[in-house]
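Visitor: You'll find run.cif just under this line, and it carries mmCIF, C-alpha atoms.
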data_structure
loop_
_atom_site.label_atom_id
_atom_site.label_comp_id
_atom_site.auth_asym_id
_atom_site.auth_seq_id
_atom_site.Cartn_x
_atom_site.Cartn_y
_atom_site.Cartn_z
CA MET A 1 1.27 8.27 15.29
CA SER A 2 2.49 5.50 17.63
CA ASP A 3 -1.04 4.02 17.65
CA ILE A 4 -0.93 3.60 13.87
CA ILE A 5 2.50 1.93 14.09
CA SER A 6 1.16 -0.37 16.79
CA TYR A 7 -1.83 -1.26 14.58
CA LEU A 8 0.49 -2.14 11.70
CA PHE A 9 2.25 -4.68 13.91
CA GLN A 10 -0.90 -5.95 15.64
CA THR A 11 -2.60 -6.75 12.34
CA ASN A 12 0.57 -8.09 10.67
CA ALA A 13 0.28 -5.32 8.09
CA ILE A 14 4.03 -4.94 8.63
CA LYS A 15 5.80 -8.15 9.52
CA PHE A 16 9.49 -8.36 10.36
CA CYS A 17 11.35 -11.62 9.83
CA GLU A 18 12.85 -13.68 12.60
CA GLU A 19 16.63 -13.66 12.88
CA ASN A 20 18.32 -15.39 9.92
CA MET A 21 14.93 -16.05 8.28
CA PRO A 22 14.31 -13.31 5.67
CA PHE A 23 11.13 -13.37 3.61
CA TRP A 24 11.04 -14.43 -0.03
CA TYR A 25 9.59 -11.81 -2.38
CA THR A 26 7.82 -12.56 -5.68
CA SER A 27 10.82 -11.22 -7.61
CA GLY A 28 13.08 -13.95 -6.24
CA LYS A 29 14.86 -11.52 -3.95
CA ILE A 30 14.73 -11.66 -0.15
CA GLY A 31 14.23 -9.08 2.56
CA PRO A 32 13.69 -8.62 6.30
CA TYR A 33 10.11 -7.30 6.21
CA PHE A 34 6.85 -7.85 4.43
CA ILE A 35 4.04 -5.31 4.04
CA ASN A 36 0.32 -6.01 3.54
CA THR A 37 -1.08 -2.57 4.31
CA HIS A 38 -4.68 -3.64 3.71
CA PHE A 39 -4.51 -5.88 6.82
CA ILE A 40 -4.96 -2.68 8.83
CA TYR A 41 -8.59 -2.92 7.71
CA GLY A 42 -8.95 -4.69 11.04
CA ASN A 43 -7.20 -8.03 10.71
CA GLU A 44 -5.80 -10.36 8.07
CA SER A 45 -8.88 -12.53 7.58
CA GLU A 46 -11.29 -9.59 7.20
CA ALA A 47 -8.90 -7.89 4.76
CA LYS A 48 -8.60 -11.05 2.65
CA GLU A 49 -12.37 -11.45 2.72
CA LEU A 50 -12.87 -7.92 1.34
CA LEU A 51 -10.22 -8.48 -1.33
CA SER A 52 -11.99 -11.67 -2.45
CA PHE A 53 -15.28 -9.77 -2.49
CA ILE A 54 -13.72 -7.09 -4.73
CA ASP A 55 -12.38 -9.78 -7.09
CA GLU A 56 -15.89 -11.24 -7.42
CA GLN A 57 -17.31 -7.79 -8.24
CA LEU A 58 -14.74 -6.68 -10.85
CA SER A 59 -16.84 -7.75 -13.83
CA ASP A 60 -19.46 -5.11 -12.97
CA LYS A 61 -17.61 -1.80 -12.89
CA ILE A 62 -20.74 0.25 -12.19
CA SER A 63 -22.06 -1.74 -9.21
CA LEU A 64 -18.68 -2.41 -7.62
CA PRO A 65 -18.04 1.02 -5.96
CA LYS A 66 -21.37 1.01 -4.08
CA ASN A 67 -20.99 -2.63 -3.02
CA VAL A 68 -17.45 -2.06 -1.73
CA PHE A 69 -18.48 1.20 -0.04
CA GLU A 70 -21.22 -0.58 1.95
CA LYS A 71 -18.62 -3.04 3.26
CA VAL A 72 -16.06 -0.39 4.27
CA LEU A 73 -18.71 1.84 5.86
CA LEU A 74 -19.87 -1.04 8.05
CA GLN A 75 -16.24 -1.79 8.98
CA TYR A 76 -15.61 1.89 9.77
CA ASN A 77 -18.59 1.89 12.13
CA THR A 78 -17.65 -1.34 13.89
CA ASN A 79 -13.85 -1.77 13.87
CA THR A 80 -11.79 0.49 16.15
CA ILE A 81 -8.46 -0.04 14.37
CA TYR A 82 -9.81 0.71 10.90
CA LYS A 83 -11.79 3.73 12.12
CA ASP A 84 -8.74 5.17 13.88
CA VAL A 85 -6.56 4.75 10.76
CA ILE A 86 -9.17 6.42 8.52
CA ASP A 87 -9.72 9.27 10.99
CA THR A 88 -5.95 9.83 11.21
CA MET A 89 -5.73 9.99 7.40
CA ILE A 90 -8.63 12.48 7.35
CA ASN A 91 -6.87 14.68 9.94
CA MET A 92 -3.62 14.57 7.95
CA ILE A 93 -5.44 15.56 4.76
CA LYS A 94 -7.25 18.44 6.49
CA SER A 95 -3.98 19.65 8.04
CA ASN A 96 -2.11 19.74 4.71
CA ILE A 97 -4.70 20.46 2.02
CA ASN A 98 -7.43 23.05 1.62
CA ILE A 99 -10.40 20.67 1.41
CA ASP A 100 -12.36 23.14 -0.70
CA GLU A 101 -9.74 22.78 -3.46
CA ILE A 102 -10.33 19.03 -3.81
CA ASP A 103 -12.85 18.26 -6.55
CA TYR A 104 -12.55 14.46 -6.55
CA ILE A 105 -10.94 11.65 -4.58
CA SER A 106 -9.60 8.69 -6.55
CA GLY A 107 -8.52 5.17 -5.73
CA GLY A 108 -7.05 2.45 -7.96
CA GLU A 109 -7.87 -1.23 -8.33
CA ARG A 110 -7.92 -2.93 -5.81
CA ARG A 111 -6.36 -2.22 -2.40
CA ASP A 112 -6.72 1.57 -2.67
CA TRP A 113 -10.49 1.07 -2.35
CA PHE A 114 -10.04 -0.13 1.24
CA PHE A 115 -9.30 3.53 2.02
CA SER A 116 -10.38 5.85 -0.80
CA ASN A 117 -14.13 5.10 -0.78
CA ILE A 118 -14.71 5.79 2.90
CA ILE A 119 -12.52 8.92 2.82
CA ALA A 120 -14.51 10.30 -0.14
CA TYR A 121 -17.70 9.73 1.85
CA LEU A 122 -16.35 11.37 5.01
CA LEU A 123 -15.02 14.39 3.08
CA ASN A 124 -18.21 14.62 1.02
CA LYS A 125 -16.35 14.35 -2.30
CA GLN A 126 -17.16 12.48 -5.49
CA HIS A 127 -15.08 9.33 -5.94
CA ILE A 128 -13.23 8.12 -9.05
CA SER A 129 -12.69 4.34 -9.15
CA ILE A 130 -9.79 3.63 -11.51
CA TYR A 131 -9.49 0.17 -13.03
CA LYS A 132 -6.26 -1.43 -14.20
CA ASP A 133 -7.31 -1.00 -17.84
CA LEU A 134 -7.36 2.79 -17.11
CA SER A 135 -11.14 3.03 -17.40
CA ALA A 136 -12.83 5.05 -14.66
CA VAL A 137 -16.23 5.46 -13.05
CA VAL A 138 -17.41 8.33 -10.85
CA SER A 139 -19.65 7.90 -7.81
CA ASP A 140 -21.33 10.60 -5.75
CA SER A 141 -20.04 10.93 -2.18
CA LYS A 142 -22.72 8.57 -0.82
CA PHE A 143 -22.12 6.04 -3.64
CA ALA A 144 -25.83 6.11 -4.52
CA GLU A 145 -25.09 6.68 -8.21
CA THR A 146 -22.11 5.61 -10.34
CA THR A 147 -21.48 6.38 -14.02
CA PHE A 148 -18.68 5.97 -16.54
CA VAL A 149 -16.83 9.22 -17.07
CA LYS A 150 -14.68 10.44 -19.96
CA ASN A 151 -14.08 14.08 -19.15
CA ILE A 152 -13.74 16.20 -16.00
CA ASN A 153 -11.61 18.96 -17.50
CA GLY A 154 -9.54 21.05 -15.10
CA LYS A 155 -10.64 19.29 -11.92
CA LYS A 156 -8.23 18.64 -9.04
CA VAL A 157 -7.89 15.13 -7.63
CA LEU A 158 -6.60 13.66 -4.36
CA HIS A 159 -5.49 10.05 -4.83
CA ILE A 160 -5.72 7.71 -1.84
CA ALA A 161 -3.62 4.52 -1.81
CA ASP A 162 -2.64 1.78 0.60
CA LEU A 163 1.10 2.25 0.04
CA ILE A 164 3.73 3.67 -2.27
CA THR A 165 6.91 1.79 -3.18
CA VAL A 166 8.56 2.88 -6.43
CA ALA A 167 5.30 4.48 -7.69
CA SER A 168 4.99 2.07 -10.63
CA SER A 169 1.17 1.96 -10.31
CA TYR A 170 1.02 5.75 -10.19
CA ILE A 171 3.22 6.19 -13.28
CA ARG A 172 1.72 3.30 -15.27
CA ALA A 173 -1.95 3.71 -14.42
CA TRP A 174 -3.33 6.13 -11.84
CA ILE A 175 -1.77 9.40 -13.07
CA PRO A 176 -2.44 8.64 -16.80
CA ALA A 177 -6.04 7.65 -16.01
CA ILE A 178 -6.67 10.99 -14.29
CA GLU A 179 -4.92 12.88 -17.11
CA ASN A 180 -7.04 11.00 -19.67
CA LEU A 181 -10.06 12.61 -18.00
CA GLY A 182 -8.56 16.06 -18.48
CA ALA A 183 -8.03 16.37 -14.72
CA LYS A 184 -4.92 16.80 -12.56
CA MET A 185 -3.77 14.62 -9.67
CA CYS A 186 -2.57 17.27 -7.21
CA TRP A 187 -2.18 15.27 -4.01
CA SER A 188 -1.55 11.72 -2.83
CA CYS A 189 -2.18 10.27 0.63
CA VAL A 190 -1.04 6.74 1.54
CA VAL A 191 -1.00 4.68 4.70
CA VAL A 192 2.59 3.46 4.22
CA ASP A 193 5.52 4.92 2.29
CA ARG A 194 8.14 2.20 1.78
CA MET A 195 10.75 4.92 1.16
CA GLN A 196 11.96 3.32 -2.06
CA GLY A 197 11.84 6.37 -4.30
CA GLY A 198 8.15 6.52 -5.18
CA THR A 199 7.51 9.74 -3.27
CA GLU A 200 10.26 11.52 -5.22
CA LYS A 201 8.81 10.29 -8.52
CA ILE A 202 5.33 11.66 -7.85
CA LYS A 203 6.79 14.92 -6.52
CA GLU A 204 8.43 15.34 -9.93
CA LYS A 205 4.91 15.11 -11.39
CA GLY A 206 3.83 18.05 -9.23
CA ILE A 207 1.94 15.90 -6.72
CA LEU A 208 2.07 16.66 -2.98
CA PRO A 209 2.76 13.35 -1.15
CA LEU A 210 1.35 12.56 2.31
CA SER A 211 1.85 9.35 4.29
CA LEU A 212 0.97 8.15 7.78
CA VAL A 213 4.00 5.87 8.21
CA GLN A 214 7.44 5.83 6.58
CA VAL A 215 9.39 2.56 6.57
CA ASP A 216 12.77 3.89 7.66
CA LYS A 217 15.26 3.70 10.54
CA SER A 218 13.02 5.69 12.88
CA LEU A 219 10.27 3.08 12.38
CA PHE A 220 12.72 0.28 13.13
CA ALA A 221 13.86 2.08 16.29
CA LYS A 222 10.22 2.51 17.34
CA ALA A 223 9.56 -1.19 16.66
CA GLU A 224 12.48 -2.14 18.94
CA GLU A 225 11.28 0.28 21.60
CA MET A 226 7.81 -1.28 21.44
CA LYS A 227 9.37 -4.78 21.74
CA PHE A 228 8.19 -5.95 18.32
CA ILE A 229 11.80 -6.67 17.26
CA ASN A 230 15.15 -7.15 18.99
CA LYS A 231 18.49 -5.40 18.50
CA ALA A 232 19.84 -7.94 15.95
CA GLN A 233 16.68 -7.63 13.83
CA LYS A 234 16.91 -3.83 13.95
CA GLU A 235 20.53 -4.01 12.81
CA MET A 236 19.61 -6.08 9.74
CA LEU A 237 16.71 -3.72 8.96
CA ASN A 238 18.97 -0.67 9.18
CA ASN A 239 21.56 -2.29 6.91
CA PHE A 240 18.82 -3.33 4.46
CA PHE A 241 17.51 0.25 4.41
CA ASP A 242 21.00 1.55 3.53
CA ASN A 243 21.82 -1.10 0.93
CA PRO A 244 19.25 -3.88 0.37
CA ASP A 245 21.14 -5.96 -2.21
CA GLU A 246 24.48 -5.88 -0.42
CA THR A 247 22.85 -6.73 2.93
CA MET A 248 21.04 -9.75 1.51
CA ARG A 249 24.11 -10.85 -0.45
CA ASN A 250 26.15 -10.79 2.76
CA PHE A 251 23.45 -12.78 4.53
CA LEU A 252 23.42 -15.46 1.82
CA THR A 253 27.22 -15.66 1.82
CA LEU A 254 27.16 -16.28 5.58
CA HIS A 255 24.17 -18.65 5.39
CA PRO A 256 24.53 -20.79 2.22
CA GLU A 257 22.14 -23.34 3.74
CA PHE A 258 19.27 -20.83 3.44
CA ILE A 259 18.99 -21.22 -0.35
CA LYS A 260 19.44 -25.01 -0.18
CA GLN A 261 16.64 -25.31 2.39
CA SER A 262 14.39 -22.97 0.40
CA LEU A 263 14.86 -24.96 -2.81
CA ASN A 264 13.52 -27.99 -0.93
CA ALA A 265 10.69 -26.14 0.82
CA ASP A 266 7.05 -25.63 -0.27
CA GLU A 267 6.29 -24.99 -3.94
CA LYS A 268 5.97 -21.19 -3.67
CA THR A 269 9.23 -20.80 -1.73
CA ALA A 270 11.11 -23.20 -4.03
CA LYS A 271 9.90 -21.29 -7.10
CA ARG A 272 11.22 -17.99 -5.71
CA ALA A 273 14.52 -19.54 -4.63
CA LYS A 274 14.92 -20.96 -8.12
CA LEU A 275 14.43 -17.46 -9.58
CA LEU A 276 17.23 -16.17 -7.37
CA VAL A 277 19.62 -18.95 -8.37
CA GLU A 278 18.83 -19.01 -12.11
CA ASN A 279 19.06 -15.23 -12.46
CA ASN A 280 21.98 -14.92 -10.02
CA LEU A 281 20.17 -11.97 -8.45
CA TYR A 282 22.85 -11.33 -5.84
CA ASN A 283 25.95 -12.18 -7.93
CA LEU A 284 26.78 -15.22 -5.83
CA ASN A 285 29.41 -17.74 -6.90
#
What do you get writing this file as structure tokens?

Guide:
Amino acid sequence: MSDIISYLFQTNAIKFCEENMPFWYTSGKIGPYFINTHFIYGNESEAKELLSFIDEQLSDKISLPKNVFEKVLLQYNTNTIYKDVIDTMINMIKSNINIDEIDYISGGERRDWFFSNIIAYLLNKQHISIYKDLSAVVSDSKFAETTFVKNINGKKVLHIADLITVASSYIRAWIPAIENLGAKMCWSCVVVDRMQGGTEKIKEKGILPLSLVQVDKSLFAKAEEMKFINKAQKEMLNNFFDNPDETMRNFLTLHPEFIKQSLNADEKTAKRAKLLVENNLYNLN
């Protein structure tokens, strides 16, 4: 699995902050790493290009799956990193699930489709594309034909996703969408598990969780060993893993200039810093 970890760093899919320079998150909180799992598609620019392509296609729910599939199939056949990641996911699925029990593979709008479409094709399974409005279309394994579907009573589904955090997308959209079809999501396979409670939540729903990489202390140790981070960075990551809010509160207490500088930085950073201050997210004086 060290190759997959190396790919995550090479493509900036997982990015660790420099010392004393945590990342700003959309929520207004800060943290020592940032994850864009879809960058493992090959590189950041190709991943962003595919995401833009998906956005352009969203108005045509029937044509989209085939059009996206053609892109990911070409990438699978030409990009070593992406192919290796997909093949590793396939091997994990085959090692943990009886393939004959899987009736459908599903993926949710939008980043799941970087992985779910090609895996459905390689496992010769029909694919369910789930949209954020909970509508769904089914494609055959070669994506030659796609139709809206309302009922697949009693069928078993493997959901493929880019990552799992607190499982909000699963609980809000993906699981209900599958249940609306009369089917059951039995398994989930993701590239990255952020280890923030999502796996436990889907287990409670009777779903078997699989993941290639877990963001935990063993990953941080591996990153240091591979020279992607230093000892001080690993220490902050370990502390953040144990207690994210307290770790970032301590950092801000020791570095009051960080917020001041951020409030005077670019528009996006200033907006997030303002959220932190106005909502007193870390109970600072």

Visitor: The PyMOL selection byres ((chain A and resi 243-254) around 9) on the file shown: which residues, as a PyMOL selection string?

Guide: chain A and resi 20+22+29-32+236-242+255-259+281-284

Visitor: Measuring atom to atom with only C-alpha atoms, identify which of A:Ile119, A:Lys260, A:Asp60, A:Gln233 is nearest to A:Asn91.

Guide: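 With only C-alpha atoms as the atom set, the closest residue is A:Ile119.
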
Visitor: Given the choices A:His127, A:Lys222, A:Lys132, A:Lys71, which gets closest to A:Val149 if the distance is worked out from only C-alpha atoms?

Guide: A:His127

Visitor: Kindly indicate which residue among A:Leu51, A:Val213, A:Val138, A:Ala173 lies nearest to A:Val191, using only C-alpha atoms for the distances.

Guide: A:Val213

Visitor: Would you translate the PyMOL selection byres ((chain A and resi 152-162) around 8) into the concrete set of residues it matches in this file, as JSON, numbers by chain?

Guide: {"A": [37, 38, 101, 102, 103, 104, 105, 106, 107, 108, 111, 112, 113, 114, 115, 116, 149, 150, 151, 163, 164, 178, 181, 182, 183, 184, 185, 186, 187, 188, 189, 190, 191, 192]}

Visitor: To one decimal place in Å, what is the distance between atom CA of A:Lys203 and atom CA of A:Val137?

Guide: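 One can read the atom CA of A:Lys203 to atom CA of A:Val137 distance as 25.7 Å.
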
Visitor: Looking at only C-alpha atoms, which of A:Leu208, A:Arg110, A:Glu235, A:Tyr82 is the one that sits closest to A:Ile97?

Guide: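 Of the candidates, the smallest distance to A:Ile97 is held by A:Leu208.
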
Visitor: Which residue out of A:Glu179, A:Ala13, A:Glu278, A:Tyr33 has the minimum interatomic distance to A:Ala47 when only C-alpha atoms are used?

Guide: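 Of all the options, A:Ala13 lies closest to A:Ala47.
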
Visitor: Neighbours of A:Ala223 within 12 Å (all atoms listed in the file; same-chain residues fewer than 2 positions away dropped), as number ranges by chain?

Guide: A: 2-10, 14-16, 215-221, 225-231, 233-235, 237

Visitor: Counting all atoms listed in the file, which residue out of A:Val68, A:Ile81, A:Ala136, A:Ala270 sits closest to A:Asp55?

Guide: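 For A:Asp55, the nearest of the given residues is A:Val68.
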
Visitor: Fewer than 3 positions away in the same chain doesn't count, so skip those; otherwise give me all residues within 7 Å of A:Phe39, counting all atoms listed in the file, as a list in words.

Guide: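 That gives Thr11, Asn12, Ala13, Asn36, Gly42, Asn43, Glu44 and Ala47 of chain A.
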
Visitor: Quick one: distance from atom CA of A:Gln214 to atom CA of A:Asn79 in Å, one decimal?

Guide: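 Between atom CA of A:Gln214 and atom CA of A:Asn79 the gap is 23.8 Å.
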
Visitor: For the file shown, report as an MDAnalysis selection string the outcome of the PyMOL selection byres ((chain A and resi 273) around 10) at residue level.

Guide: chainID A and resid 24:30 258:265 267:272 274:278

Visitor: Enter the distance from atom CA of A:Glu224 to atom CA of A:Met21, in Å, rounded to one decimal.

Guide: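 Between atom CA of A:Glu224 and atom CA of A:Met21 the gap is 17.7 Å.
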
Visitor: Excluding A:Ile202 and its own-chain neighbours fewer than 4 positions away, which residues fall within 9 Å of it when counting all atoms listed in the file? Please give them as a CSV table (one decimal) with C-alpha atoms, in the coordinates of the input.

Guide:
chain,number,residue,atom,x,y,z
A,167,ALA,CA,5.3,4.5,-7.7
A,170,TYR,CA,1.0,5.8,-10.2
A,171,ILE,CA,3.2,6.2,-13.3
A,188,SER,CA,-1.6,11.7,-2.8
A,198,GLY,CA,8.2,6.5,-5.2
A,206,GLY,CA,3.8,18.0,-9.2
A,207,ILE,CA,1.9,15.9,-6.7
A,208,LEU,CA,2.1,16.7,-3.0
A,209,PRO,CA,2.8,13.4,-1.2

Visitor: Using all atoms listed in the file, determine which residues lie at most 8 Å from A:Ile90, disregarding the query and same-chain residues fewer than 4 positions distant; provide the list as a list in words.

Guide: Ile86, Lys94, Ile119 and Leu123 of chain A

Visitor: Within 12 Å of A:Asp133, counting all atoms listed in the file, which residues qualify if same-chain residues fewer than 5 places away don't, as a ChimeraX atom specification?

Guide: /A:58,61,108-109,169,172-174,176-177
